[in-house]
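So this one's my_file_32.txt, compact mmCIF, N, CA and C atoms:
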```
# COMPACT_ATOMS: atom_id res chain seq x y z
N PHE A 432 8.02 -8.57 5.60
CA PHE A 432 6.66 -8.29 5.20
C PHE A 432 6.21 -9.33 4.20
N LYS A 433 4.89 -9.37 4.01
CA LYS A 433 4.30 -10.35 3.09
C LYS A 433 3.55 -9.62 2.00
N ILE A 434 3.62 -10.14 0.79
CA ILE A 434 2.88 -9.59 -0.35
C ILE A 434 1.72 -10.52 -0.65
N TYR A 435 0.52 -9.95 -0.72
CA TYR A 435 -0.67 -10.72 -1.02
C TYR A 435 -1.03 -10.52 -2.48
N SER A 436 -1.31 -11.59 -3.20
CA SER A 436 -1.61 -11.51 -4.63
C SER A 436 -3.05 -11.89 -4.91
N ARG A 437 -3.75 -11.00 -5.58
CA ARG A 437 -5.12 -11.29 -5.99
C ARG A 437 -5.16 -12.50 -6.92
N ASP A 438 -4.13 -12.66 -7.74
CA ASP A 438 -4.08 -13.77 -8.69
C ASP A 438 -4.00 -15.14 -8.02
N LYS A 439 -3.54 -15.18 -6.77
CA LYS A 439 -3.37 -16.46 -6.08
C LYS A 439 -4.49 -16.74 -5.08
N THR A 440 -5.50 -15.88 -5.03
CA THR A 440 -6.58 -16.03 -4.07
C THR A 440 -7.82 -16.57 -4.77
N PRO A 441 -8.36 -17.71 -4.29
CA PRO A 441 -9.54 -18.28 -4.95
C PRO A 441 -10.81 -17.50 -4.64
N TYR A 442 -11.78 -17.63 -5.52
CA TYR A 442 -13.10 -17.05 -5.31
C TYR A 442 -13.97 -18.04 -4.54
N THR A 443 -14.87 -17.51 -3.73
CA THR A 443 -15.84 -18.31 -2.99
C THR A 443 -17.23 -17.87 -3.42
N ASP A 444 -18.12 -18.83 -3.68
CA ASP A 444 -19.51 -18.49 -4.01
C ASP A 444 -20.21 -17.96 -2.77
N ILE A 445 -20.90 -16.84 -2.93
CA ILE A 445 -21.72 -16.27 -1.86
C ILE A 445 -23.11 -16.00 -2.44
N ILE A 446 -24.05 -15.65 -1.60
CA ILE A 446 -25.44 -15.48 -2.03
C ILE A 446 -25.57 -14.50 -3.20
N CYS A 447 -24.85 -13.38 -3.14
CA CYS A 447 -25.03 -12.33 -4.14
C CYS A 447 -24.05 -12.42 -5.31
N GLY A 448 -23.16 -13.40 -5.31
CA GLY A 448 -22.19 -13.51 -6.40
C GLY A 448 -20.96 -14.31 -5.99
N LYS A 449 -19.79 -13.67 -6.08
CA LYS A 449 -18.53 -14.33 -5.72
C LYS A 449 -17.69 -13.38 -4.89
N SER A 450 -16.93 -13.94 -3.95
CA SER A 450 -16.06 -13.14 -3.09
C SER A 450 -14.65 -13.69 -3.14
N GLN A 451 -13.70 -12.79 -3.17
CA GLN A 451 -12.29 -13.16 -3.17
C GLN A 451 -11.65 -12.41 -1.99
N GLU A 452 -11.46 -13.11 -0.87
CA GLU A 452 -10.87 -12.48 0.31
C GLU A 452 -9.35 -12.49 0.16
N VAL A 453 -8.80 -11.35 -0.24
CA VAL A 453 -7.38 -11.24 -0.53
C VAL A 453 -6.57 -11.15 0.76
N PHE A 454 -7.10 -10.45 1.76
CA PHE A 454 -6.37 -10.27 3.01
C PHE A 454 -7.36 -10.11 4.15
N SER A 455 -7.01 -10.68 5.31
CA SER A 455 -7.85 -10.52 6.49
C SER A 455 -6.99 -10.60 7.73
N SER A 456 -7.23 -9.67 8.66
CA SER A 456 -6.57 -9.70 9.96
C SER A 456 -7.59 -9.30 11.02
N ARG A 457 -7.16 -9.14 12.25
CA ARG A 457 -8.07 -8.75 13.32
C ARG A 457 -8.69 -7.38 13.08
N ASP A 458 -7.93 -6.46 12.48
CA ASP A 458 -8.37 -5.07 12.34
C ASP A 458 -8.73 -4.64 10.92
N LEU A 459 -8.40 -5.46 9.95
CA LEU A 459 -8.58 -5.03 8.56
C LEU A 459 -8.81 -6.22 7.65
N GLY A 460 -9.65 -6.04 6.67
CA GLY A 460 -9.85 -7.08 5.67
C GLY A 460 -9.99 -6.44 4.30
N PHE A 461 -9.61 -7.17 3.27
CA PHE A 461 -9.75 -6.69 1.90
C PHE A 461 -10.28 -7.84 1.06
N ALA A 462 -11.45 -7.62 0.46
CA ALA A 462 -12.07 -8.65 -0.37
C ALA A 462 -12.57 -8.00 -1.65
N ILE A 463 -12.53 -8.76 -2.72
CA ILE A 463 -13.10 -8.32 -3.99
C ILE A 463 -14.37 -9.13 -4.19
N VAL A 464 -15.50 -8.42 -4.36
CA VAL A 464 -16.79 -9.08 -4.48
C VAL A 464 -17.38 -8.76 -5.84
N THR A 465 -17.77 -9.80 -6.56
CA THR A 465 -18.47 -9.66 -7.83
C THR A 465 -19.95 -9.88 -7.55
N ILE A 466 -20.74 -8.85 -7.79
CA ILE A 466 -22.17 -8.92 -7.49
C ILE A 466 -22.95 -9.18 -8.76
N HIS A 467 -23.71 -10.29 -8.79
CA HIS A 467 -24.52 -10.61 -9.96
C HIS A 467 -25.75 -9.72 -10.05
N ASP A 468 -26.51 -9.62 -8.97
CA ASP A 468 -27.74 -8.83 -8.94
C ASP A 468 -27.65 -7.78 -7.85
N LYS A 469 -27.74 -8.20 -6.58
CA LYS A 469 -27.60 -7.26 -5.47
C LYS A 469 -27.23 -8.00 -4.20
N THR A 470 -26.66 -7.27 -3.26
CA THR A 470 -26.40 -7.83 -1.94
C THR A 470 -27.68 -7.75 -1.12
N THR A 471 -27.75 -8.53 -0.09
CA THR A 471 -28.85 -8.38 0.85
C THR A 471 -28.50 -7.22 1.78
N SER A 472 -29.50 -6.54 2.28
CA SER A 472 -29.26 -5.46 3.23
C SER A 472 -28.64 -6.06 4.49
N HIS A 473 -27.52 -5.49 4.92
CA HIS A 473 -26.83 -6.02 6.08
C HIS A 473 -26.05 -4.91 6.78
N GLN A 474 -25.54 -5.20 7.96
CA GLN A 474 -24.77 -4.23 8.72
C GLN A 474 -23.59 -4.93 9.38
N HIS A 475 -22.59 -4.15 9.76
CA HIS A 475 -21.42 -4.64 10.48
C HIS A 475 -21.35 -3.85 11.78
N MET A 476 -21.49 -4.54 12.89
CA MET A 476 -21.58 -3.86 14.19
C MET A 476 -20.23 -3.48 14.78
N HIS A 477 -19.13 -4.05 14.27
CA HIS A 477 -17.84 -3.78 14.89
C HIS A 477 -16.80 -3.22 13.92
N THR A 478 -17.15 -3.09 12.65
CA THR A 478 -16.18 -2.59 11.68
C THR A 478 -16.83 -1.64 10.69
N GLU A 479 -16.04 -0.71 10.24
CA GLU A 479 -16.44 0.15 9.14
C GLU A 479 -16.15 -0.64 7.86
N GLU A 480 -16.84 -0.32 6.79
CA GLU A 480 -16.60 -1.00 5.51
C GLU A 480 -16.41 0.08 4.45
N ILE A 481 -15.57 -0.22 3.48
CA ILE A 481 -15.35 0.70 2.37
C ILE A 481 -15.62 -0.04 1.08
N TYR A 482 -16.50 0.52 0.26
CA TYR A 482 -16.73 -0.02 -1.08
C TYR A 482 -15.92 0.82 -2.06
N PHE A 483 -15.15 0.14 -2.91
CA PHE A 483 -14.46 0.79 -4.02
C PHE A 483 -14.94 0.09 -5.28
N ILE A 484 -15.60 0.82 -6.15
CA ILE A 484 -16.21 0.22 -7.34
C ILE A 484 -15.11 0.07 -8.41
N LEU A 485 -14.75 -1.19 -8.69
CA LEU A 485 -13.70 -1.47 -9.66
C LEU A 485 -14.21 -1.42 -11.10
N LYS A 486 -15.46 -1.85 -11.29
CA LYS A 486 -15.99 -1.97 -12.65
C LYS A 486 -17.51 -1.90 -12.59
N GLY A 487 -18.10 -1.27 -13.58
CA GLY A 487 -19.56 -1.24 -13.67
C GLY A 487 -20.18 -0.09 -12.90
N LYS A 488 -21.48 -0.24 -12.65
CA LYS A 488 -22.21 0.79 -11.93
C LYS A 488 -23.35 0.15 -11.15
N GLY A 489 -23.91 0.91 -10.22
CA GLY A 489 -24.98 0.36 -9.40
C GLY A 489 -25.66 1.43 -8.59
N ILE A 490 -26.55 0.96 -7.72
CA ILE A 490 -27.26 1.82 -6.77
C ILE A 490 -26.88 1.33 -5.38
N LEU A 491 -26.29 2.22 -4.59
CA LEU A 491 -25.89 1.89 -3.23
C LEU A 491 -26.87 2.55 -2.27
N THR A 492 -27.39 1.77 -1.35
CA THR A 492 -28.27 2.29 -0.31
C THR A 492 -27.58 2.13 1.03
N ILE A 493 -27.47 3.25 1.77
CA ILE A 493 -26.94 3.24 3.13
C ILE A 493 -28.01 3.88 4.00
N GLY A 494 -28.51 3.11 4.95
CA GLY A 494 -29.63 3.60 5.76
C GLY A 494 -30.84 3.79 4.86
N HIS A 495 -31.38 5.02 4.81
CA HIS A 495 -32.55 5.31 3.98
C HIS A 495 -32.19 6.14 2.74
N GLU A 496 -30.88 6.31 2.48
CA GLU A 496 -30.44 7.10 1.33
C GLU A 496 -29.85 6.19 0.25
N SER A 497 -30.17 6.50 -1.01
CA SER A 497 -29.65 5.76 -2.15
C SER A 497 -28.96 6.71 -3.11
N ALA A 498 -27.92 6.21 -3.79
CA ALA A 498 -27.21 7.02 -4.77
C ALA A 498 -26.62 6.11 -5.83
N SER A 499 -26.46 6.65 -7.03
CA SER A 499 -25.79 5.93 -8.11
C SER A 499 -24.29 5.91 -7.84
N VAL A 500 -23.66 4.77 -8.10
CA VAL A 500 -22.21 4.63 -7.97
C VAL A 500 -21.68 4.03 -9.26
N GLN A 501 -20.41 4.30 -9.52
CA GLN A 501 -19.80 3.79 -10.76
C GLN A 501 -18.32 3.55 -10.55
N GLU A 502 -17.70 2.98 -11.56
CA GLU A 502 -16.28 2.68 -11.54
C GLU A 502 -15.47 3.87 -11.03
N GLY A 503 -14.59 3.61 -10.05
CA GLY A 503 -13.74 4.64 -9.49
C GLY A 503 -14.28 5.29 -8.23
N ASP A 504 -15.55 5.05 -7.88
CA ASP A 504 -16.13 5.63 -6.66
C ASP A 504 -15.66 4.86 -5.43
N LEU A 505 -15.39 5.59 -4.34
CA LEU A 505 -15.05 5.01 -3.06
C LEU A 505 -16.07 5.52 -2.04
N ILE A 506 -16.70 4.60 -1.33
CA ILE A 506 -17.77 4.97 -0.41
C ILE A 506 -17.51 4.34 0.96
N PRO A 507 -17.24 5.14 2.00
CA PRO A 507 -17.12 4.59 3.35
C PRO A 507 -18.50 4.33 3.94
N ILE A 508 -18.66 3.19 4.61
CA ILE A 508 -19.93 2.83 5.23
C ILE A 508 -19.69 2.77 6.73
N PRO A 509 -20.35 3.65 7.49
CA PRO A 509 -20.12 3.71 8.94
C PRO A 509 -20.54 2.43 9.67
N ILE A 510 -19.92 2.21 10.80
CA ILE A 510 -20.25 1.06 11.66
C ILE A 510 -21.75 1.09 11.98
N GLY A 511 -22.39 -0.07 11.85
CA GLY A 511 -23.79 -0.22 12.25
C GLY A 511 -24.82 0.22 11.23
N GLN A 512 -24.40 0.79 10.10
CA GLN A 512 -25.36 1.25 9.09
C GLN A 512 -25.77 0.09 8.17
N PHE A 513 -27.07 -0.11 8.01
CA PHE A 513 -27.55 -1.09 7.04
C PHE A 513 -27.21 -0.57 5.65
N HIS A 514 -26.79 -1.49 4.77
CA HIS A 514 -26.43 -1.10 3.41
C HIS A 514 -26.63 -2.26 2.45
N GLU A 515 -26.85 -1.91 1.18
CA GLU A 515 -26.95 -2.90 0.11
C GLU A 515 -26.53 -2.25 -1.19
N LEU A 516 -26.04 -3.08 -2.11
CA LEU A 516 -25.59 -2.59 -3.41
C LEU A 516 -26.26 -3.40 -4.50
N LYS A 517 -26.88 -2.69 -5.44
CA LYS A 517 -27.53 -3.34 -6.58
C LYS A 517 -26.71 -3.07 -7.83
N ASN A 518 -26.37 -4.13 -8.57
CA ASN A 518 -25.63 -4.01 -9.81
C ASN A 518 -26.59 -3.60 -10.92
N THR A 519 -26.31 -2.47 -11.59
CA THR A 519 -27.16 -2.01 -12.70
C THR A 519 -26.42 -2.04 -14.03
N SER A 520 -25.24 -2.66 -14.06
CA SER A 520 -24.45 -2.73 -15.30
C SER A 520 -25.06 -3.69 -16.31
```

What is this structure when it is put down as structure tokens?
Amino acid sequence: FKIYSRDKTPYTDIICGKSQEVFSSRDLGFAIVTIHDKTTSHQHMHTEEIYFILKGKGILTIGHESASVQEGDLIPIPIGQFHELKNTS
């Protein structure tokens, strides 16, 4: 087996902040994203996505519903649902 280390994975600049793709395979990916302001509304047609809030707080919108999220929250996002996250920290 292989051990993946967050400490050895570089960050990549993206539109909404920085992304650190720690692991990626055909069926699963794990990335740490630092959001400066907010993500653009987007969807994933072939994969479910899970947001786990490591630090701070924000407003997450999935479809037409919005809710406050904070450190420790885990939110599954169904396949095909438009979603965006705004950093309010």

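Among A:Asp504, A:Glu480, A:Glu496, A:Glu515, the residue with the shortest atom-to-atom distance to A:Cys447, counting only C-alpha atoms, is A:Glu515.
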
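For the pair atom CA of A:Gly489 and atom CA of A:Leu516, the separation is 6.7 Å.
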
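When atom N of A:Thr478 is paired with atom C of A:Gly448, their separation reads 22.1 Å.
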
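Atom CA of A:Glu479 sits 24.9 Å away from atom CA of A:Phe432.
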
May I have the residues within 8 Å of A:Phe454 as a ChimeraX atom specification, using all atoms listed in the file and disregarding those fewer than 4 positions away in the same chain?
-> /A:435-436,459-463

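Proximity of A:Met476, A:Val453, A:Ile481, A:Val464 to A:Ile508, computed with all atoms listed in the file, is greatest for A:Ile481.
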
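Using all atoms listed in the file, the protein and nucleic acid residues lying at most 6.5 Å from the point (-28.5, -5.5, 0.5) are A:Lys469, A:Thr470, A:Thr471, A:Ser472, A:His473, A:His514, A:Glu515, A:Leu516.
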
If you run DSSP on this backbone, which residues of chain A come out as strand (DSSP E or B), and could you give them as an NGL selection string?
-> :A and (443-445 or 448-455 or 460-466 or 469 or 473 or 480-483 or 488-493 or 496-501 or 505-508 or 514-518)
